[in-house]
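J.: One structure follows; several queries about it will come next.
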Amino acid sequence: MRCLRRLFSVVFVLLFLLGAAGPALLHADALGPCQKALAACLLAPGNNLPWNIIACLQGYDFCKRFVEPLLGRDA
Amino acid sequence: MIKTRSALALAALILTAAAVRGAAQETIRSVTLEEVLSLGTLDDAAILQWTGVAAGPSGEIYVLDAMDYALKKFDASGRFLKKSGHQGAGPGEFLAPRVLAYSAGRLYVLDQSRLGILVFDAELRYKTALPFPSMLSMITEAGPGRLAVSGLSPVGQPARISILDGEGRLLGGFPFLDKVDFYLADSIAAAADAEGNFYLAFFFQDRLEKRAPDGKLLWRWSMGGPAAQEMDKIGAGGNEYLIPRKTFYKSAALDRRGHLLVLCGGQTKHPSRDVFVFDPAGVRKAVFMLPEPSHGIYVDEGGFLYARANEGLTVKKYRIVYR
């Protein structure tokens, strides 16, 4: 039960921060999870507009805050 | 009468100066944490994944739970009292709740996917959403009923802290960067002292600052050494951006004695665990380590420190012991 909850927690954090990241990221294996999510966000249609870029960066910022303590390294 | 007032003002000035000087001259040999309370365990569902914590004047504790899309209230002994909110974009609902601040009986929530500031009363009743023209990433109390907020800006634009009253009216503010040199250069955590000074901790820069209420720089501090930022090229085709990878300072809080506590990012020996302690003059007095990595730290009016445990399932409350 404890292991499951821990695992669920970690997976949840990654998923809710990664959002719809997926096929667009296959080229980005060297990147951390938050960097991959950011790449997907920046590549999404329409997201090259200044404030949409900021919205993507905002997700990256929060992702780094919450995921790095889980991974113990750059995310 | 005038003489008496002058004497009182002089005495107050001397006492204030003595207190600040005392804090500046204080020697701290070590800092340890004594756990006094734990909210949420691996075996219950009290907290699923918390992102923000705050405490009220009677010791009640408010927890922003991102995974449960809820704001939760616990009493001073850690007993769960109530929760508010669920997933959605309606009044009092959350899509991606991230940051929590408490001031004068109100709770203020930043949601990554919603513009503005969501406001709840101390009983978790949703009150309103304060409008703000751009996305916000930082909110902190700047005196009773006053808030300091900031958000990310595009490269080349200035970065500002805005001061709002509890109704969202703009009271003032100041630029803390004349120009954002690279994306996320303006990502900060902040804390405000009783005199209205601001302490800024830069997430993607090796930079801590103290600024006067009008924004004037009072001091700046950095770790120095081999801690330069590294950039990665993120994106593809024509949409490539240089994005910083290293994180330096994640969170800032002030204790009752005027010490500034700064949670470090990934550039110290214990990532997301090392906490630097500074005096008001910007002299680093000590370093201590959180028992577990955390995304942030919070210090309540009683001087107790709150941090993450069990990968976000638990909020731990500690007494800070200075020796």
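If you're wondering about the labels, chains in the structure tokens are A, B, ... by order shown, residues count from 1 in each chain, ligands from 1 in order shown.
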Compute the set of chain A residues within 7 Å of chain B, using only C-alpha atoms, and express it as a JSON list (two decimals) with N, CA and C atoms, in the first residue's frame.

T.:
[["chain", "number", "residue", "atom", "x", "y", "z"],
["A", 2, "ARG", "N", 1.86, 1.27, 0.90],
["A", 2, "ARG", "CA", 2.75, 2.43, 1.00],
["A", 2, "ARG", "C", 3.52, 2.63, -0.30],
["A", 5, "ARG", "N", 1.24, 3.96, -3.01],
["A", 5, "ARG", "CA", 0.93, 5.37, -2.84],
["A", 5, "ARG", "C", 2.11, 6.25, -3.24],
["A", 9, "SER", "N", 2.09, 8.71, -6.36],
["A", 9, "SER", "CA", 2.39, 10.12, -6.14],
["A", 9, "SER", "C", 3.42, 10.62, -7.14],
["A", 39, "ALA", "N", 9.58, 21.30, -24.13],
["A", 39, "ALA", "CA", 9.74, 21.17, -25.58],
["A", 39, "ALA", "C", 8.39, 20.91, -26.24],
["A", 42, "LEU", "N", 6.30, 24.12, -26.22],
["A", 42, "LEU", "CA", 6.77, 25.14, -27.17],
["A", 42, "LEU", "C", 6.46, 24.76, -28.61],
["A", 43, "LEU", "N", 6.42, 23.44, -28.87],
["A", 43, "LEU", "CA", 6.18, 22.98, -30.24],
["A", 43, "LEU", "C", 4.70, 22.88, -30.58],
["A", 48, "ASN", "N", 4.13, 29.70, -30.23],
["A", 48, "ASN", "CA", 5.32, 30.53, -30.45],
["A", 48, "ASN", "C", 5.01, 32.02, -30.23],
["A", 50, "PRO", "N", 4.47, 35.28, -27.82],
["A", 50, "PRO", "CA", 5.21, 35.63, -26.60],
["A", 50, "PRO", "C", 4.56, 35.14, -25.31],
["A", 54, "ILE", "N", 5.57, 32.22, -22.51],
["A", 54, "ILE", "CA", 5.66, 32.46, -21.06],
["A", 54, "ILE", "C", 4.84, 31.40, -20.30],
["A", 65, "ARG", "N", 10.46, 22.97, -9.77],
["A", 65, "ARG", "CA", 10.31, 23.10, -8.32],
["A", 65, "ARG", "C", 9.83, 21.80, -7.69],
["A", 66, "PHE", "N", 8.83, 21.17, -8.33],
["A", 66, "PHE", "CA", 8.20, 20.02, -7.68],
["A", 66, "PHE", "C", 8.86, 18.69, -8.02],
["A", 69, "PRO", "N", 12.95, 17.74, -6.35],
["A", 69, "PRO", "CA", 13.09, 17.06, -5.06],
["A", 69, "PRO", "C", 12.79, 15.56, -5.14],
["A", 70, "LEU", "N", 11.98, 15.16, -6.12],
["A", 70, "LEU", "CA", 11.67, 13.73, -6.27],
["A", 70, "LEU", "C", 12.83, 13.00, -6.92],
["A", 72, "GLY", "N", 16.05, 14.22, -7.28],
["A", 72, "GLY", "CA", 17.35, 14.48, -6.67],
["A", 72, "GLY", "C", 18.38, 14.98, -7.67],
["A", 73, "ARG", "N", 17.93, 15.48, -8.79],
["A", 73, "ARG", "CA", 18.85, 15.99, -9.83],
["A", 73, "ARG", "C", 18.09, 16.97, -10.72],
["A", 74, "ASP", "N", 18.83, 17.54, -11.70],
["A", 74, "ASP", "CA", 18.18, 18.43, -12.64],
["A", 74, "ASP", "C", 17.02, 17.71, -13.35]]

J.: With DSSP run on the backbone, what are the strand (DSSP E or B) residues within segment 254-317 of chain B? I'd like them as a list of chain:residue names.

T.: B:Leu254, B:Leu260, B:Leu261, B:Val262, B:Leu263, B:Cys264, B:Asp274, B:Val275, B:Phe276, B:Val277, B:Phe278, B:Arg284, B:Lys285, B:Ala286, B:Val287, B:Phe288, B:Met289, B:Tyr298, B:Val299, B:Leu305, B:Tyr306, B:Ala307, B:Arg308, B:Ala309, B:Thr314, B:Val315, B:Lys316, B:Lys317

J.: Could you write out that same residue set with N, CA, C and O atoms as an mmCIF file, in the first residue's frame?

T.:
data_model
loop_
_atom_site.group_PDB
_atom_site.id
_atom_site.type_symbol
_atom_site.label_atom_id
_atom_site.label_comp_id
_atom_site.auth_asym_id
_atom_site.auth_seq_id
_atom_site.Cartn_x
_atom_site.Cartn_y
_atom_site.Cartn_z
ATOM 1 N N LEU B 254 11.230 34.301 6.304
ATOM 2 C CA LEU B 254 11.838 35.022 7.430
ATOM 3 C C LEU B 254 11.350 34.424 8.737
ATOM 4 O O LEU B 254 10.159 34.120 8.878
ATOM 5 N N LEU B 260 16.868 35.440 7.499
ATOM 6 C CA LEU B 260 16.355 35.020 6.197
ATOM 7 C C LEU B 260 16.767 33.569 5.972
ATOM 8 O O LEU B 260 17.955 33.231 6.057
ATOM 9 N N LEU B 261 15.794 32.726 5.695
ATOM 10 C CA LEU B 261 16.060 31.317 5.394
ATOM 11 C C LEU B 261 15.827 31.091 3.906
ATOM 12 O O LEU B 261 14.755 31.434 3.397
ATOM 13 N N VAL B 262 16.805 30.512 3.243
ATOM 14 C CA VAL B 262 16.695 30.298 1.796
ATOM 15 C C VAL B 262 16.929 28.823 1.478
ATOM 16 O O VAL B 262 18.001 28.282 1.787
ATOM 17 N N LEU B 263 15.930 28.195 0.875
ATOM 18 C CA LEU B 263 16.079 26.807 0.440
ATOM 19 C C LEU B 263 16.805 26.788 -0.905
ATOM 20 O O LEU B 263 16.383 27.448 -1.856
ATOM 21 N N CYS B 264 17.888 26.034 -0.963
ATOM 22 C CA CYS B 264 18.696 25.991 -2.187
ATOM 23 C C CYS B 264 18.144 24.974 -3.179
ATOM 24 O O CYS B 264 17.421 24.047 -2.809
ATOM 25 N N ASP B 274 19.413 21.794 1.402
ATOM 26 C CA ASP B 274 20.241 22.759 2.126
ATOM 27 C C ASP B 274 19.500 24.086 2.283
ATOM 28 O O ASP B 274 18.901 24.604 1.335
ATOM 29 N N VAL B 275 19.569 24.615 3.496
ATOM 30 C CA VAL B 275 18.940 25.908 3.787
ATOM 31 C C VAL B 275 20.008 26.862 4.330
ATOM 32 O O VAL B 275 20.691 26.540 5.303
ATOM 33 N N PHE B 276 20.165 27.999 3.676
ATOM 34 C CA PHE B 276 21.098 29.028 4.133
ATOM 35 C C PHE B 276 20.363 29.955 5.099
ATOM 36 O O PHE B 276 19.204 30.304 4.870
ATOM 37 N N VAL B 277 21.081 30.374 6.136
ATOM 38 C CA VAL B 277 20.518 31.326 7.106
ATOM 39 C C VAL B 277 21.333 32.616 7.039
ATOM 40 O O VAL B 277 22.561 32.583 7.200
ATOM 41 N N PHE B 278 20.664 33.722 6.798
ATOM 42 C CA PHE B 278 21.317 35.029 6.694
ATOM 43 C C PHE B 278 20.795 35.955 7.792
ATOM 44 O O PHE B 278 19.631 35.846 8.205
ATOM 45 N N ARG B 284 25.843 35.502 5.712
ATOM 46 C CA ARG B 284 25.395 34.124 5.902
ATOM 47 C C ARG B 284 25.915 33.619 7.238
ATOM 48 O O ARG B 284 27.116 33.597 7.478
ATOM 49 N N LYS B 285 25.003 33.183 8.075
ATOM 50 C CA LYS B 285 25.349 32.794 9.435
ATOM 51 C C LYS B 285 25.447 31.290 9.615
ATOM 52 O O LYS B 285 26.143 30.817 10.509
ATOM 53 N N ALA B 286 24.698 30.547 8.841
ATOM 54 C CA ALA B 286 24.673 29.096 9.054
ATOM 55 C C ALA B 286 24.053 28.405 7.846
ATOM 56 O O ALA B 286 23.425 29.042 6.994
ATOM 57 N N VAL B 287 24.250 27.101 7.797
ATOM 58 C CA VAL B 287 23.601 26.243 6.802
ATOM 59 C C VAL B 287 23.053 25.037 7.556
ATOM 60 O O VAL B 287 23.731 24.489 8.419
ATOM 61 N N PHE B 288 21.840 24.665 7.272
ATOM 62 C CA PHE B 288 21.334 23.403 7.821
ATOM 63 C C PHE B 288 20.604 22.647 6.728
ATOM 64 O O PHE B 288 20.399 23.163 5.628
ATOM 65 N N MET B 289 20.260 21.404 7.041
ATOM 66 C CA MET B 289 19.717 20.519 6.013
ATOM 67 C C MET B 289 18.326 20.034 6.428
ATOM 68 O O MET B 289 18.140 19.610 7.579
ATOM 69 N N TYR B 298 8.277 27.168 4.518
ATOM 70 C CA TYR B 298 7.390 28.209 5.015
ATOM 71 C C TYR B 298 7.665 28.356 6.507
ATOM 72 O O TYR B 298 7.864 27.358 7.199
ATOM 73 N N VAL B 299 7.708 29.588 6.989
ATOM 74 C CA VAL B 299 7.892 29.830 8.424
ATOM 75 C C VAL B 299 6.689 30.620 8.927
ATOM 76 O O VAL B 299 6.346 31.665 8.354
ATOM 77 N N LEU B 305 8.966 26.019 11.180
ATOM 78 C CA LEU B 305 9.252 25.818 9.751
ATOM 79 C C LEU B 305 8.458 24.624 9.224
ATOM 80 O O LEU B 305 8.349 23.597 9.903
ATOM 81 N N TYR B 306 7.926 24.753 8.027
ATOM 82 C CA TYR B 306 7.168 23.681 7.371
ATOM 83 C C TYR B 306 7.890 23.279 6.088
ATOM 84 O O TYR B 306 8.353 24.135 5.332
ATOM 85 N N ALA B 307 7.953 21.981 5.842
ATOM 86 C CA ALA B 307 8.615 21.492 4.628
ATOM 87 C C ALA B 307 7.996 20.170 4.210
ATOM 88 O O ALA B 307 7.186 19.575 4.927
ATOM 89 N N ARG B 308 8.396 19.715 3.048
ATOM 90 C CA ARG B 308 7.813 18.519 2.447
ATOM 91 C C ARG B 308 8.472 17.241 2.976
ATOM 92 O O ARG B 308 9.670 17.224 3.246
ATOM 93 N N ALA B 309 7.694 16.191 3.049
ATOM 94 C CA ALA B 309 8.223 14.861 3.366
ATOM 95 C C ALA B 309 7.405 13.830 2.589
ATOM 96 O O ALA B 309 6.331 14.145 2.052
ATOM 97 N N THR B 314 3.235 14.408 2.748
ATOM 98 C CA THR B 314 3.295 14.829 4.144
ATOM 99 C C THR B 314 3.831 16.247 4.260
ATOM 100 O O THR B 314 4.761 16.628 3.560
ATOM 101 N N VAL B 315 3.213 17.001 5.163
ATOM 102 C CA VAL B 315 3.763 18.301 5.581
ATOM 103 C C VAL B 315 4.360 18.093 6.964
ATOM 104 O O VAL B 315 3.672 17.615 7.869
ATOM 105 N N LYS B 316 5.620 18.467 7.131
ATOM 106 C CA LYS B 316 6.258 18.368 8.451
ATOM 107 C C LYS B 316 6.417 19.765 9.031
ATOM 108 O O LYS B 316 6.805 20.700 8.324
ATOM 109 N N LYS B 317 6.133 19.872 10.310
ATOM 110 C CA LYS B 317 6.318 21.143 11.021
ATOM 111 C C LYS B 317 7.467 20.963 12.011
ATOM 112 O O LYS B 317 7.483 19.986 12.769
#

J.: Might you pull out every residue within 9 Å of Trp219 of chain B, with only C-alpha atoms counted and same-chain residues fewer than 4 positions away left off, and present them as a PDB file with N, CA, C and O atoms, in the first residue's frame?

T.:
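File part_19.pdb, as written:
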ATOM      1  N   LEU B 208      20.825  36.398  -4.564  1.00  0.00           N
ATOM      2  CA  LEU B 208      19.873  36.748  -3.508  1.00  0.00           C
ATOM      3  C   LEU B 208      19.967  38.250  -3.303  1.00  0.00           C
ATOM      4  O   LEU B 208      21.067  38.811  -3.360  1.00  0.00           O
ATOM      5  N   GLU B 209      18.835  38.881  -3.040  1.00  0.00           N
ATOM      6  CA  GLU B 209      18.846  40.338  -2.878  1.00  0.00           C
ATOM      7  C   GLU B 209      17.934  40.760  -1.733  1.00  0.00           C
ATOM      8  O   GLU B 209      16.934  40.105  -1.445  1.00  0.00           O
ATOM      9  N   LYS B 210      18.319  41.895  -1.129  1.00  0.00           N
ATOM     10  CA  LYS B 210      17.402  42.590  -0.228  1.00  0.00           C
ATOM     11  C   LYS B 210      17.132  43.953  -0.834  1.00  0.00           C
ATOM     12  O   LYS B 210      18.055  44.663  -1.233  1.00  0.00           O
ATOM     13  N   ARG B 211      15.860  44.284  -0.910  1.00  0.00           N
ATOM     14  CA  ARG B 211      15.470  45.564  -1.498  1.00  0.00           C
ATOM     15  C   ARG B 211      14.574  46.334  -0.535  1.00  0.00           C
ATOM     16  O   ARG B 211      13.745  45.748   0.164  1.00  0.00           O
ATOM     17  N   ALA B 281      21.562  41.857   7.480  1.00  0.00           N
ATOM     18  CA  ALA B 281      22.554  42.605   6.709  1.00  0.00           C
ATOM     19  C   ALA B 281      23.119  41.794   5.541  1.00  0.00           C
ATOM     20  O   ALA B 281      23.985  42.279   4.815  1.00  0.00           O
ATOM     21  N   GLY B 282      22.666  40.575   5.395  1.00  0.00           N
ATOM     22  CA  GLY B 282      23.104  39.773   4.259  1.00  0.00           C
ATOM     23  C   GLY B 282      24.339  38.939   4.530  1.00  0.00           C
ATOM     24  O   GLY B 282      24.995  38.480   3.594  1.00  0.00           O
TER      25      GLY B 282
END

J.: Rounded to one decimal place, report the atom CA of Arg207 of chain B-atom CA of Ala189 of chain B distance in Å.

T.: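 We find that atom CA of Arg207 of chain B and atom CA of Ala189 of chain B lie 11.3 Å from each other.
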
J.: Could you work out how far atom CA of Pro97 of chain B lies from atom CA of Met138 of chain B, giving the answer in Å with one decimal?

T.: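 According to the coordinates, atom CA of Met138 of chain B and atom CA of Pro97 of chain B are separated by 12.4 Å.
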
J.: Separation of atom CA of Ile188 of chain B and atom CA of Gln35 of chain A, in Å?

T.: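 Between atom CA of Ile188 of chain B and atom CA of Gln35 of chain A the gap works out to 19.1 Å.
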
J.: Please list as a count of residues only every residue within 8 Å of segment 156-167 of chain B, counting only C-alpha atoms and excluding residues in the same chain fewer than 6 positions away.

T.: 18
